[in-house]
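*Asks:* Here you go, final30.tsv (TSV, C-alpha atoms):
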```
chain	number	residue	atom	x	y	z
I	1	MET	CA	-25.54	-14.62	9.76
I	2	ASN	CA	-27.61	-11.64	10.82
I	3	PHE	CA	-25.46	-8.52	10.96
I	4	ILE	CA	-28.11	-5.85	10.49
I	5	ASN	CA	-28.47	-3.52	13.40
I	6	ILE	CA	-31.23	-1.13	12.50
I	7	ASP	CA	-32.85	-1.10	15.93
I	8	LYS	CA	-29.80	0.72	17.24
I	9	TYR	CA	-30.95	3.64	15.09
I	10	ASN	CA	-34.67	3.19	15.70
I	11	SER	CA	-36.06	4.20	12.32
I	12	SER	CA	-33.40	5.77	10.17
I	13	ILE	CA	-33.92	8.26	7.39
I	14	PHE	CA	-31.82	9.49	4.50
I	15	THR	CA	-32.88	12.33	2.21
I	16	ASP	CA	-31.69	13.08	-1.29
I	17	GLN	CA	-32.72	15.73	-3.82
I	18	ASN	CA	-33.44	16.27	-7.50
I	19	PHE	CA	-34.88	13.10	-8.91
I	20	ASN	CA	-36.53	13.40	-12.30
I	21	SER	CA	-40.06	12.11	-12.24
I	22	PHE	CA	-42.09	11.22	-15.32
I	23	SER	CA	-45.76	10.82	-16.13
I	24	MET	CA	-47.23	8.18	-18.40
I	25	VAL	CA	-50.54	9.53	-19.65
I	26	GLY	CA	-53.20	8.08	-21.96
I	27	ASP	CA	-55.89	5.41	-22.25
I	28	ASP	CA	-53.32	2.60	-22.58
I	29	SER	CA	-50.90	3.70	-19.82
I	30	ILE	CA	-51.59	0.87	-17.38
I	31	SER	CA	-51.77	-1.76	-20.10
I	32	PHE	CA	-48.53	-0.48	-21.64
I	33	LEU	CA	-46.48	-0.48	-18.42
I	34	ASP	CA	-47.94	-3.90	-17.55
I	35	ARG	CA	-46.75	-5.27	-20.92
I	36	MET	CA	-43.32	-3.68	-20.58
I	37	SER	CA	-42.38	-4.61	-17.01
I	38	THR	CA	-42.28	-7.42	-14.47
I	39	ASN	CA	-44.82	-6.35	-11.84
I	40	ASN	CA	-48.60	-6.57	-12.10
I	41	ILE	CA	-49.51	-2.91	-12.63
I	42	TYR	CA	-53.26	-3.67	-12.65
I	43	LYS	CA	-53.14	-5.21	-9.18
I	44	ILE	CA	-50.38	-3.27	-7.42
I	45	ASN	CA	-50.77	0.45	-7.81
I	46	SER	CA	-47.66	1.65	-6.00
I	47	SER	CA	-44.41	-0.27	-6.01
I	48	ARG	CA	-41.33	-0.99	-8.10
I	49	THR	CA	-41.25	-2.77	-11.43
I	50	ALA	CA	-38.34	-3.91	-13.59
I	51	ILE	CA	-38.11	-3.00	-17.25
I	52	THR	CA	-36.35	-5.91	-18.93
I	53	ASP	CA	-35.24	-6.57	-22.49
I	54	ASN	CA	-36.31	-9.65	-24.47
I	55	LYS	CA	-33.42	-11.62	-22.92
I	56	GLY	CA	-34.71	-10.84	-19.43
I	57	SER	CA	-31.86	-8.43	-18.57
I	58	ILE	CA	-32.73	-5.38	-16.52
I	59	ILE	CA	-32.88	-2.07	-18.39
I	60	ASP	CA	-34.13	-0.10	-15.38
I	61	ILE	CA	-36.22	-0.38	-12.24
I	62	LEU	CA	-39.05	2.10	-11.93
I	63	THR	CA	-40.79	3.23	-8.78
I	64	TYR	CA	-44.33	3.89	-9.95
I	65	LYS	CA	-47.68	5.06	-8.72
I	66	VAL	CA	-50.94	4.58	-10.59
I	67	ILE	CA	-52.78	7.89	-10.16
I	68	ASN	CA	-55.86	6.89	-12.14
I	69	GLU	CA	-56.72	4.66	-15.11
I	70	LYS	CA	-55.09	7.13	-17.50
I	71	LYS	CA	-52.07	8.31	-15.53
I	72	ILE	CA	-49.03	6.77	-13.86
I	73	ILE	CA	-46.15	8.69	-12.35
I	74	PHE	CA	-42.75	7.09	-12.01
I	75	VAL	CA	-39.09	7.63	-11.18
I	76	SER	CA	-36.29	5.85	-12.99
I	77	ASN	CA	-33.77	4.05	-10.80
I	78	ILE	CA	-30.86	4.65	-13.15
I	79	GLU	CA	-31.90	8.27	-13.65
I	80	SER	CA	-31.16	8.17	-17.33
I	81	GLU	CA	-32.99	9.16	-20.47
I	82	ARG	CA	-31.91	5.82	-21.90
I	83	SER	CA	-34.75	3.90	-20.29
I	84	ILE	CA	-37.28	6.59	-21.22
I	85	GLU	CA	-36.13	6.32	-24.84
I	86	TYR	CA	-36.34	2.53	-24.56
I	87	LEU	CA	-39.97	2.75	-23.43
I	88	LYS	CA	-40.86	5.32	-26.08
I	89	LYS	CA	-39.52	3.02	-28.77
I	90	TYR	CA	-42.32	0.57	-27.95
I	91	ILE	CA	-45.14	3.11	-28.07
I	92	ILE	CA	-46.44	2.30	-31.54
I	93	ILE	CA	-50.23	2.25	-31.62
I	94	ASP	CA	-50.84	2.70	-27.89
I	95	ASP	CA	-52.40	5.88	-26.56
I	96	VAL	CA	-49.51	6.68	-24.23
I	97	GLU	CA	-47.34	9.74	-23.77
I	98	ILE	CA	-44.33	9.95	-21.48
I	99	ASN	CA	-43.44	13.40	-20.19
I	100	HIS	CA	-41.13	14.89	-17.63
I	101	ASN	CA	-43.12	15.57	-14.48
I	102	GLY	CA	-40.80	17.77	-12.42
I	103	ASN	CA	-38.20	17.02	-9.80
I	104	LEU	CA	-38.83	15.16	-6.57
I	105	ASN	CA	-36.90	14.55	-3.36
I	106	LYS	CA	-36.18	11.05	-2.20
I	107	ILE	CA	-36.54	9.87	1.37
I	108	VAL	CA	-35.22	6.45	2.29
I	109	ILE	CA	-36.55	5.02	5.55
I	110	PHE	CA	-35.13	1.95	7.26
I	111	CYS	CA	-37.13	0.39	10.06
I	112	ASN	CA	-37.85	-2.85	11.80
I	113	GLU	CA	-41.06	-4.47	10.68
I	114	SER	CA	-42.42	-4.06	14.23
I	115	ASP	CA	-41.79	-0.27	14.09
I	116	ASP	CA	-43.29	0.17	10.65
I	117	SER	CA	-45.57	3.21	10.70
I	118	VAL	CA	-45.36	4.39	7.11
I	119	ASP	CA	-48.80	4.89	5.56
I	120	LEU	CA	-48.86	3.23	2.14
I	121	LYS	CA	-52.35	4.45	1.37
I	122	LYS	CA	-51.30	8.06	0.96
I	123	ASN	CA	-51.14	9.29	-2.60
I	124	THR	CA	-47.36	9.22	-2.64
I	125	LEU	CA	-44.85	7.67	-5.00
I	126	ILE	CA	-43.53	4.99	-2.68
I	127	SER	CA	-41.93	1.56	-2.77
I	128	LYS	CA	-41.45	-0.97	-0.01
I	129	TYR	CA	-38.65	-3.51	0.14
I	130	LYS	CA	-38.49	-6.18	2.81
I	131	TYR	CA	-35.47	-8.20	3.91
I	132	LYS	CA	-36.03	-10.58	6.79
I	133	ASP	CA	-37.62	-8.44	9.54
I	134	PHE	CA	-36.41	-5.17	8.09
I	135	ILE	CA	-38.17	-2.74	5.82
I	136	ARG	CA	-36.73	-0.20	3.43
I	137	TYR	CA	-39.06	2.46	2.07
I	138	GLU	CA	-38.39	4.90	-0.71
I	139	LEU	CA	-40.68	7.90	-0.88
I	140	PHE	CA	-40.52	10.54	-3.59
I	141	LEU	CA	-41.91	13.86	-2.42
I	142	SER	CA	-42.29	17.35	-3.87
I	143	ASP	CA	-40.65	20.30	-2.11
I	144	ASP	CA	-43.96	21.13	-0.40
I	145	GLU	CA	-44.55	17.53	0.67
I	146	ILE	CA	-41.07	17.17	2.11
I	147	LYS	CA	-41.52	20.32	4.19
I	148	LYS	CA	-44.66	18.79	5.71
I	149	PHE	CA	-43.06	15.41	6.28
I	150	ASP	CA	-42.57	14.83	10.00
I	151	LYS	CA	-39.03	13.56	10.53
I	152	THR	CA	-38.98	13.77	14.30
I	153	ASP	CA	-39.36	10.02	14.81
I	154	TYR	CA	-36.42	9.27	12.57
I	155	GLN	CA	-32.70	9.52	13.02
I	156	GLN	CA	-30.95	11.19	10.09
I	157	ILE	CA	-28.18	9.04	8.67
I	158	SER	CA	-25.30	9.75	6.30
I	159	ILE	CA	-25.05	8.41	2.76
I	160	ASP	CA	-22.30	6.02	3.93
I	161	LYS	CA	-24.61	4.59	6.58
I	162	LYS	CA	-27.46	4.38	4.09
I	163	ASN	CA	-25.24	2.53	1.60
I	164	THR	CA	-24.10	0.16	4.32
I	165	LEU	CA	-27.69	-0.63	5.30
I	166	ASP	CA	-28.53	-1.18	1.61
I	167	ILE	CA	-25.73	-3.71	1.31
I	168	GLN	CA	-26.74	-5.43	4.53
I	169	MET	CA	-30.30	-5.69	3.26
I	170	ARG	CA	-29.14	-6.98	-0.17
I	171	TYR	CA	-30.69	-3.94	-1.81
I	172	ILE	CA	-29.21	-3.00	-5.18
I	173	SER	CA	-29.61	0.36	-6.85
I	174	ILE	CA	-29.35	-0.21	-10.58
I	175	LYS	CA	-26.66	1.83	-12.31
I	176	GLU	CA	-26.48	2.44	-16.03
I	177	SER	CA	-22.90	1.18	-16.17
I	178	MET	CA	-23.73	-1.99	-14.26
I	179	ILE	CA	-23.15	-5.35	-15.90
I	180	LYS	CA	-26.32	-6.98	-17.20
I	181	ALA	CA	-28.31	-9.03	-14.73
I	182	ASN	CA	-31.82	-10.40	-14.64
I	183	PRO	CA	-34.24	-9.70	-11.78
I	184	LEU	CA	-34.02	-13.27	-10.44
I	185	GLU	CA	-30.25	-13.03	-10.02
I	186	LEU	CA	-30.74	-9.86	-7.99
I	187	GLY	CA	-33.35	-11.52	-5.78
I	188	LEU	CA	-36.13	-9.21	-6.97
I	189	LEU	CA	-38.86	-11.84	-6.61
I	190	ASP	CA	-41.07	-9.30	-4.86
I	191	ILE	CA	-41.46	-7.24	-8.04
I	192	ILE	CA	-42.01	-10.10	-10.50
I	193	SER	CA	-45.51	-11.37	-11.24
I	194	PHE	CA	-45.45	-15.00	-12.36
I	195	ASP	CA	-49.12	-15.17	-13.26
I	196	LYS	CA	-49.92	-11.98	-15.11
I	197	GLY	CA	-49.01	-13.26	-18.59
I	198	CYS	CA	-46.65	-11.86	-21.17
I	199	TYR	CA	-44.30	-8.92	-20.71
I	200	VAL	CA	-41.01	-8.21	-22.43
I	201	GLY	CA	-38.51	-10.74	-21.11
I	202	GLN	CA	-41.17	-12.94	-19.47
I	203	GLU	CA	-40.39	-16.09	-21.43
I	204	VAL	CA	-36.74	-16.10	-20.29
I	205	ILE	CA	-37.49	-15.06	-16.70
I	206	ALA	CA	-40.27	-17.64	-16.30
I	207	ARG	CA	-38.10	-20.41	-17.74
I	208	LEU	CA	-35.15	-19.58	-15.48
I	209	HIS	CA	-37.46	-19.54	-12.48
I	210	ASN	CA	-39.51	-22.65	-13.27
I	211	TYR	CA	-36.56	-24.82	-14.24
I	212	LYS	CA	-34.38	-23.41	-11.44
I	213	LYS	CA	-31.76	-22.32	-13.94
I	214	VAL	CA	-30.75	-19.02	-12.35
I	215	SER	CA	-26.98	-19.31	-12.53
I	216	ARG	CA	-25.83	-16.27	-10.52
I	217	GLU	CA	-26.78	-14.81	-7.16
I	218	LEU	CA	-26.23	-11.73	-5.07
I	219	VAL	CA	-23.74	-12.29	-2.25
I	220	PRO	CA	-22.43	-9.82	0.33
I	221	PHE	CA	-18.69	-9.61	0.92
I	222	ALA	CA	-16.11	-7.76	2.96
I	223	THR	CA	-12.57	-7.22	1.83
I	224	LYS	CA	-9.51	-5.12	2.51
I	225	SER	CA	-8.81	-4.75	-1.22
I	226	LYS	CA	-9.96	-1.62	-2.97
I	227	LEU	CA	-12.72	-2.63	-5.38
I	228	GLU	CA	-15.01	-0.64	-7.63
I	229	ILE	CA	-18.40	-1.30	-9.17
I	230	ASN	CA	-18.02	-3.91	-11.94
I	231	SER	CA	-14.63	-5.09	-10.57
I	232	LYS	CA	-14.12	-8.76	-11.31
I	233	ILE	CA	-14.12	-11.25	-8.43
I	234	ILE	CA	-11.34	-13.70	-9.14
I	235	ILE	CA	-10.73	-16.83	-7.12
I	236	GLU	CA	-8.11	-19.40	-8.12
I	237	SER	CA	-7.59	-17.54	-11.43
I	238	LYS	CA	-11.28	-17.90	-12.29
I	239	ASN	CA	-13.53	-14.93	-12.88
I	240	ILE	CA	-16.58	-15.90	-10.85
I	241	GLY	CA	-18.48	-12.63	-10.82
I	242	ASN	CA	-18.55	-8.86	-10.49
I	243	VAL	CA	-18.97	-6.24	-7.80
I	244	LEU	CA	-22.37	-4.49	-7.94
I	245	SER	CA	-22.11	-2.18	-4.93
I	246	ILE	CA	-19.33	-1.14	-2.62
I	247	GLN	CA	-18.99	0.95	0.54
I	248	LYS	CA	-15.77	1.95	2.26
I	249	LYS	CA	-15.56	1.05	5.96
I	250	SER	CA	-12.88	1.89	8.50
I	251	ASP	CA	-11.31	-1.54	8.11
I	252	GLY	CA	-11.84	-2.14	4.38
I	253	TYR	CA	-14.75	-2.43	2.04
I	254	LEU	CA	-18.24	-3.91	2.23
I	255	GLY	CA	-20.26	-4.74	-0.86
I	256	LEU	CA	-22.54	-6.94	-2.89
I	257	CYS	CA	-21.33	-9.04	-5.77
I	258	LEU	CA	-23.11	-11.05	-8.42
I	259	ILE	CA	-21.42	-14.41	-8.66
I	260	LYS	CA	-21.91	-17.79	-10.25
I	261	LYS	CA	-23.97	-19.88	-7.84
I	262	ARG	CA	-21.63	-22.82	-7.84
I	263	PHE	CA	-18.96	-20.60	-6.29
I	264	SER	CA	-21.15	-18.98	-3.63
I	265	ASN	CA	-19.92	-21.23	-0.82
I	266	LEU	CA	-16.36	-20.47	-1.77
I	267	ILE	CA	-17.07	-16.74	-1.65
I	268	THR	CA	-18.72	-17.07	1.73
I	269	GLU	CA	-15.75	-18.89	3.22
I	270	GLU	CA	-13.03	-16.87	1.57
I	271	ILE	CA	-14.28	-13.34	1.48
I	272	ILE	CA	-17.20	-12.59	3.77
I	273	LYS	CA	-15.95	-11.46	7.13
I	274	ILE	CA	-18.48	-8.93	8.30
J	1	MET	CA	-46.02	-20.96	-48.61
J	2	GLU	CA	-45.21	-17.50	-49.98
J	3	THR	CA	-41.63	-16.47	-49.34
J	4	ASN	CA	-41.00	-13.47	-51.58
J	5	ILE	CA	-43.38	-10.76	-50.45
J	6	PRO	CA	-42.57	-7.28	-51.80
J	7	ILE	CA	-41.45	-5.07	-48.91
J	8	ASN	CA	-44.03	-2.41	-49.81
J	9	THR	CA	-46.93	-4.66	-48.85
J	10	ILE	CA	-48.00	-7.58	-46.70
J	11	LYS	CA	-49.67	-10.67	-48.05
J	12	ILE	CA	-52.46	-12.69	-46.54
J	13	SER	CA	-53.05	-16.25	-47.68
J	14	GLU	CA	-56.37	-17.24	-49.17
J	15	LYS	CA	-56.97	-19.57	-46.23
J	16	ALA	CA	-56.32	-16.78	-43.69
J	17	CYS	CA	-58.70	-14.48	-45.58
J	18	GLU	CA	-61.40	-17.15	-45.60
J	19	LYS	CA	-60.95	-17.73	-41.87
J	20	VAL	CA	-61.28	-14.00	-41.12
J	21	LYS	CA	-64.48	-13.87	-43.20
J	22	GLU	CA	-65.79	-16.92	-41.34
J	23	PHE	CA	-65.15	-15.25	-37.95
J	24	ALA	CA	-66.80	-12.03	-39.14
J	25	ILE	CA	-69.90	-13.85	-40.43
J	26	ASN	CA	-70.15	-15.78	-37.14
J	27	GLU	CA	-70.17	-12.39	-35.40
J	28	SER	CA	-72.97	-11.26	-37.80
J	29	ARG	CA	-70.85	-8.44	-39.18
J	30	GLU	CA	-71.95	-6.99	-42.50
J	31	LYS	CA	-69.14	-4.54	-43.10
J	32	PHE	CA	-65.72	-5.54	-41.88
J	33	GLY	CA	-62.01	-5.60	-42.52
J	34	LEU	CA	-58.95	-7.01	-40.78
J	35	LYS	CA	-56.77	-4.72	-38.69
J	36	VAL	CA	-53.19	-6.01	-38.55
J	37	ALA	CA	-50.95	-4.11	-36.14
J	38	VAL	CA	-48.03	-4.31	-33.74
J	39	LYS	CA	-47.70	-2.99	-30.21
J	40	GLY	CA	-45.05	-3.06	-27.50
J	41	GLY	CA	-45.24	-6.15	-25.29
J	42	GLY	CA	-45.18	-9.92	-25.52
J	43	CYS	CA	-42.10	-11.85	-24.44
J	44	SER	CA	-39.96	-10.53	-27.28
J	45	GLY	CA	-40.87	-6.84	-27.25
J	46	LEU	CA	-43.38	-6.44	-30.07
J	47	GLN	CA	-46.64	-8.33	-30.27
J	48	TYR	CA	-48.96	-8.85	-33.21
J	49	ILE	CA	-52.53	-7.59	-33.10
J	50	LEU	CA	-55.29	-9.06	-35.26
J	51	GLU	CA	-58.72	-7.55	-34.97
J	52	ILE	CA	-61.88	-7.60	-37.06
J	53	VAL	CA	-63.08	-3.99	-37.36
J	54	GLU	CA	-65.73	-2.10	-39.29
J	55	GLY	CA	-63.41	0.12	-41.27
J	56	PRO	CA	-59.99	1.78	-41.38
J	57	ASP	CA	-58.77	4.60	-39.16
J	58	ASP	CA	-57.47	7.76	-40.84
J	59	SER	CA	-53.86	6.74	-40.36
J	60	ASP	CA	-54.27	3.19	-41.67
J	61	LYS	CA	-52.78	1.88	-44.88
J	62	VAL	CA	-55.48	-0.13	-46.71
J	63	ILE	CA	-54.65	-3.23	-48.72
J	64	SER	CA	-57.22	-5.40	-50.48
J	65	GLN	CA	-56.51	-9.11	-50.79
J	66	ASN	CA	-58.67	-12.07	-51.74
J	67	GLY	CA	-61.78	-9.96	-51.27
J	68	LEU	CA	-60.71	-8.84	-47.78
J	69	GLU	CA	-59.72	-5.31	-46.78
J	70	VAL	CA	-56.68	-5.19	-44.52
J	71	TYR	CA	-55.94	-2.10	-42.42
J	72	ILE	CA	-52.43	-1.46	-41.12
J	73	PRO	CA	-51.62	1.55	-38.92
J	74	LYS	CA	-48.80	3.46	-40.60
J	75	LYS	CA	-46.69	3.42	-37.42
J	76	ALA	CA	-46.92	-0.37	-37.31
J	77	TYR	CA	-46.26	-0.81	-41.01
J	78	VAL	CA	-42.50	-0.44	-40.66
J	79	TYR	CA	-42.49	-3.61	-38.52
J	80	LEU	CA	-44.81	-5.55	-40.83
J	81	ALA	CA	-43.61	-4.72	-44.34
J	82	GLY	CA	-43.03	-7.91	-46.31
J	83	THR	CA	-44.99	-10.09	-43.87
J	84	TYR	CA	-46.97	-13.14	-44.96
J	85	LEU	CA	-49.97	-14.05	-42.82
J	86	ASP	CA	-51.16	-17.61	-43.09
J	87	TYR	CA	-53.63	-19.80	-41.25
J	88	SER	CA	-53.13	-23.45	-40.37
J	89	ASP	CA	-55.83	-25.52	-38.72
J	90	GLY	CA	-56.17	-29.11	-37.55
J	91	LEU	CA	-54.76	-30.73	-34.42
J	92	ASN	CA	-51.24	-29.55	-35.13
J	93	GLY	CA	-52.24	-26.21	-36.62
J	94	LYS	CA	-51.03	-22.95	-35.15
J	95	GLY	CA	-53.97	-20.77	-36.16
J	96	PHE	CA	-52.94	-17.43	-37.65
J	97	GLU	CA	-49.22	-17.43	-38.28
J	98	PHE	CA	-46.96	-14.51	-39.21
J	99	LYS	CA	-43.89	-14.95	-41.39
J	100	ASN	CA	-42.22	-11.62	-40.80
J	101	PRO	CA	-38.88	-10.92	-42.49
J	102	ASN	CA	-38.24	-8.04	-40.04
J	103	ALA	CA	-38.31	-10.36	-37.02
J	104	LYS	CA	-34.84	-11.22	-35.71
J	105	SER	CA	-36.29	-13.53	-33.08
J	106	SER	CA	-39.69	-14.68	-31.89
J	107	CYS	CA	-41.05	-16.00	-28.62
J	108	GLY	CA	-42.00	-19.66	-28.24
J	109	CYS	CA	-45.67	-19.15	-28.99
J	110	GLY	CA	-44.99	-16.92	-32.00
J	111	ASP	CA	-47.18	-14.09	-30.75
J	112	SER	CA	-44.33	-11.64	-30.34
J	113	PHE	CA	-41.04	-10.83	-31.97
J	114	SER	CA	-38.02	-8.53	-31.80
J	115	VAL	CA	-36.43	-6.52	-34.58
```
Taking this structure as input, can you express it in the form of structure tokens?

*Replies:*
Amino acid sequence: MNFINIDKYNSSIFTDQNFNSFSMVGDDSISFLDRMSTNNIYKINSSRTAITDNKGSIIDILTYKVINEKKIIFVSNIESERSIEYLKKYIIIDDVEINHNGNLNKIVIFCNESDDSVDLKKNTLISKYKYKDFIRYELFLSDDEIKKFDKTDYQQISIDKKNTLDIQMRYISIKESMIKANPLELGLLDIISFDKGCYVGQEVIARLHNYKKVSRELVPFATKSKLEINSKIIIESKNIGNVLSIQKKSDGYLGLCLIKKRFSNLITEEIIKI
Amino acid sequence: METNIPINTIKISEKACEKVKEFAINESREKFGLKVAVKGGGCSGLQYILEIVEGPDDSDKVISQNGLEVYIPKKAYVYLAGTYLDYSDGLNGKGFEFKNPNAKSSCGCGDSFSV
């Protein structure tokens, strides 16, 4: 079922302020982030990457930009010192320093693939997420850069509309309080490199992927019941999953839940009425 | 196999020492020692580093065993204290093998561990 209706808005834009950015500086910066996260930092110099623990569960998702061979800038998705402390714990003999790098503003752009005019080559902290024919960009800009950013081609949207589009595009923003999930369960295949070699969590993630053992999946739902993030989804007295994102609509709630795969058909029939 | 290594040192088996010397001689090194370290990465979070180097860095702890100097960065030492490094060869051998009492779990290949 295709319920996304971005073209109605042409390209939509949502702006948000005050995101902490960090710099990773030193001879081993690229090697370190490559060893600690799912994406191939050597090959892809501006994207998102998941920091996972040794069980493959997501600690955080970083939007990063390789500035040069000794410097990376990044923004934490959960906006918490916890993931910075987690990374610092693993700096043992590496020449790497992580420092606060000032605040940035976030611009989220939704567009159809055919209307995509965002220039990825610019030296901007940017990530691109694709769902079917739709693109979601996240740009992190300084105060000066945001003043220069030409918004005339975009329609400003509210946070409610932005959250709705995120849900429709199966895009999850990781929250610190969120139940543990691995990147495969959240459908983050676009930020996992399966051929770069070892990183923390790789053994578990590769095994789940290769043996097709991913047991949960992200499913959209609509309901009239009031639910909150981490609410349990219970069908026939069985706890089959949890709510990961939720947005109030005029006639109820719309959200994404992480559920056991064997129940996904049941969820689709019983709950999704979008 | 050694099992009771004092926690204020690491121990390297005679066979592992001989193998390191063999590698160094094959590389025509006259002065050498073995750097044993740990860095973030590998499937389990911390990965072992073995490297033949000319001498210690200022911050290295130096241990002499079986005629081989072993250099351990002080920051890595906390993860390696009490470790026994062995070498097994042959068709079923694993090469250099760490028995680390600090490791709560290891990855399948044994190259990394978590504490």

*Asks:* Give the answer as one residue: which of I:Ser264, I:Asn242, I:Thr52, I:Ser250 has the shortest atom-to-atom distance to Gly42 of chain J, using only C-alpha atoms?

*Replies:*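 So, comparing all the options, the nearest one is I:Thr52.
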
*Asks:* Show me, as a PyMOL selection string, every residue of chain J with an atom at most 8 Å from chain I, counting all atoms listed in the file.

*Replies:* chain J and resi 37-46+73+75-76+107-108+114

*Asks:* So what do you get for atom CA of Thr9 of chain J versus atom CA of Gly95 of chain J, distance-wise?

*Replies:*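 Taking atom CA of Thr9 of chain J as the start and atom CA of Gly95 of chain J as the end point, the length is 21.7 Å.
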
*Asks:* Give me, please, the distance in Å between atom CA of Ser80 of chain I and atom CA of Gly255 of chain I, quoted to one decimal.

*Replies:*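 We find that atom CA of Ser80 of chain I and atom CA of Gly255 of chain I lie 23.6 Å from each other.
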
*Asks:* Go through I:Arg262, I:Ile58, I:Ile126, I:Val108 one by one, measure the shortest atom-to-atom distance of each to Asn45 of chain I using all atoms listed in the file, and give the residue with the smallest value.

*Replies:* I:Ile126

*Asks:* With a distance cut-off of 12 Å and all atoms listed in the file, select the neighbouring residues of Val53 of chain J, excluding the residue or stretch itself and same-chain residues fewer than 3 positions from it, and output the selection as a list of chain:residue names.

*Replies:* J:Val20, J:Lys21, J:Phe23, J:Ala24, J:Glu27, J:Arg29, J:Glu30, J:Lys31, J:Phe32, J:Gly33, J:Leu34, J:Lys35, J:Val36, J:Ile49, J:Leu50, J:Pro56, J:Asp57, J:Leu68, J:Glu69, J:Val70, J:Tyr71, J:Ile72

*Asks:* Suppose you want the space between atom CA of Leu139 of chain I and atom CA of Val66 of chain I; what is it in Å?

*Replies:* 14.5 Å

*Asks:* Show me the residues close to (-30.3, 1.4, -15.7) - anything with an atom within 9 Å, counting all atoms listed in the file - and format the list as a list in words.

*Replies:*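 The residues that fall inside the cut-off are Ile58, Ile59, Asp60, Ile61, Ser76, Asn77, Ile78, Glu79, Ser80, Arg82, Ser83, Ser173, Ile174, Lys175, Glu176, Ser177 and Met178 of chain I.
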
*Asks:* Mind checking which residues fall within 9 Å of Lys71 of chain I, counting only C-alpha atoms, ignoring those fewer than 3 positions away in the same chain, and posting them as a PDB file with C-alpha atoms, in the coordinates of the input?

*Replies:*
```pdb
ATOM      1  CA  SER I  23     -45.760  10.820 -16.130  1.00  0.00           C
ATOM      2  CA  MET I  24     -47.230   8.180 -18.400  1.00  0.00           C
ATOM      3  CA  VAL I  25     -50.540   9.530 -19.650  1.00  0.00           C
ATOM      4  CA  GLY I  26     -53.200   8.080 -21.960  1.00  0.00           C
ATOM      5  CA  ASP I  27     -55.890   5.410 -22.250  1.00  0.00           C
ATOM      6  CA  SER I  29     -50.900   3.700 -19.820  1.00  0.00           C
ATOM      7  CA  ILE I  30     -51.590   0.870 -17.380  1.00  0.00           C
ATOM      8  CA  LYS I  65     -47.680   5.060  -8.720  1.00  0.00           C
ATOM      9  CA  VAL I  66     -50.940   4.580 -10.590  1.00  0.00           C
ATOM     10  CA  ILE I  67     -52.780   7.890 -10.160  1.00  0.00           C
ATOM     11  CA  ASN I  68     -55.860   6.890 -12.140  1.00  0.00           C
TER      12      ASN I  68
END
```

*Asks:* Could you name the residues that touch Val243 of chain I at 12 Å or less, counting only C-alpha atoms, but leaving out those on the same chain fewer than 4 positions away, as a ChimeraX atom specification?

*Replies:* /I:167,172,177-181,217-223,226-234,239,247,253-259

*Asks:* Residues as selected, C-alpha atoms, written as a PDB file, in the frame of the given file, can you do that?

*Replies:*
```pdb
ATOM      1  CA  ILE I 167     -25.730  -3.710   1.310  1.00  0.00           C
ATOM      2  CA  ILE I 172     -29.210  -3.000  -5.180  1.00  0.00           C
ATOM      3  CA  SER I 177     -22.900   1.180 -16.170  1.00  0.00           C
ATOM      4  CA  MET I 178     -23.730  -1.990 -14.260  1.00  0.00           C
ATOM      5  CA  ILE I 179     -23.150  -5.350 -15.900  1.00  0.00           C
ATOM      6  CA  LYS I 180     -26.320  -6.980 -17.200  1.00  0.00           C
ATOM      7  CA  ALA I 181     -28.310  -9.030 -14.730  1.00  0.00           C
ATOM      8  CA  GLU I 217     -26.780 -14.810  -7.160  1.00  0.00           C
ATOM      9  CA  LEU I 218     -26.230 -11.730  -5.070  1.00  0.00           C
ATOM     10  CA  VAL I 219     -23.740 -12.290  -2.250  1.00  0.00           C
ATOM     11  CA  PRO I 220     -22.430  -9.820   0.330  1.00  0.00           C
ATOM     12  CA  PHE I 221     -18.690  -9.610   0.920  1.00  0.00           C
ATOM     13  CA  ALA I 222     -16.110  -7.760   2.960  1.00  0.00           C
ATOM     14  CA  THR I 223     -12.570  -7.220   1.830  1.00  0.00           C
ATOM     15  CA  LYS I 226      -9.960  -1.620  -2.970  1.00  0.00           C
ATOM     16  CA  LEU I 227     -12.720  -2.630  -5.380  1.00  0.00           C
ATOM     17  CA  GLU I 228     -15.010  -0.640  -7.630  1.00  0.00           C
ATOM     18  CA  ILE I 229     -18.400  -1.300  -9.170  1.00  0.00           C
ATOM     19  CA  ASN I 230     -18.020  -3.910 -11.940  1.00  0.00           C
ATOM     20  CA  SER I 231     -14.630  -5.090 -10.570  1.00  0.00           C
ATOM     21  CA  LYS I 232     -14.120  -8.760 -11.310  1.00  0.00           C
ATOM     22  CA  ILE I 233     -14.120 -11.250  -8.430  1.00  0.00           C
ATOM     23  CA  ILE I 234     -11.340 -13.700  -9.140  1.00  0.00           C
ATOM     24  CA  ASN I 239     -13.530 -14.930 -12.880  1.00  0.00           C
ATOM     25  CA  GLN I 247     -18.990   0.950   0.540  1.00  0.00           C
ATOM     26  CA  TYR I 253     -14.750  -2.430   2.040  1.00  0.00           C
ATOM     27  CA  LEU I 254     -18.240  -3.910   2.230  1.00  0.00           C
ATOM     28  CA  GLY I 255     -20.260  -4.740  -0.860  1.00  0.00           C
ATOM     29  CA  LEU I 256     -22.540  -6.940  -2.890  1.00  0.00           C
ATOM     30  CA  CYS I 257     -21.330  -9.040  -5.770  1.00  0.00           C
ATOM     31  CA  LEU I 258     -23.110 -11.050  -8.420  1.00  0.00           C
ATOM     32  CA  ILE I 259     -21.420 -14.410  -8.660  1.00  0.00           C
TER      33      ILE I 259
END
```

*Asks:* Of the candidates I:Arg48, I:Lys162, I:Lys213, I:Lys106, which one gets nearest to Ser11 of chain I if we count only C-alpha atoms?

*Replies:*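 Using only C-alpha atoms, Ser11 of chain I sits closest to I:Lys162.
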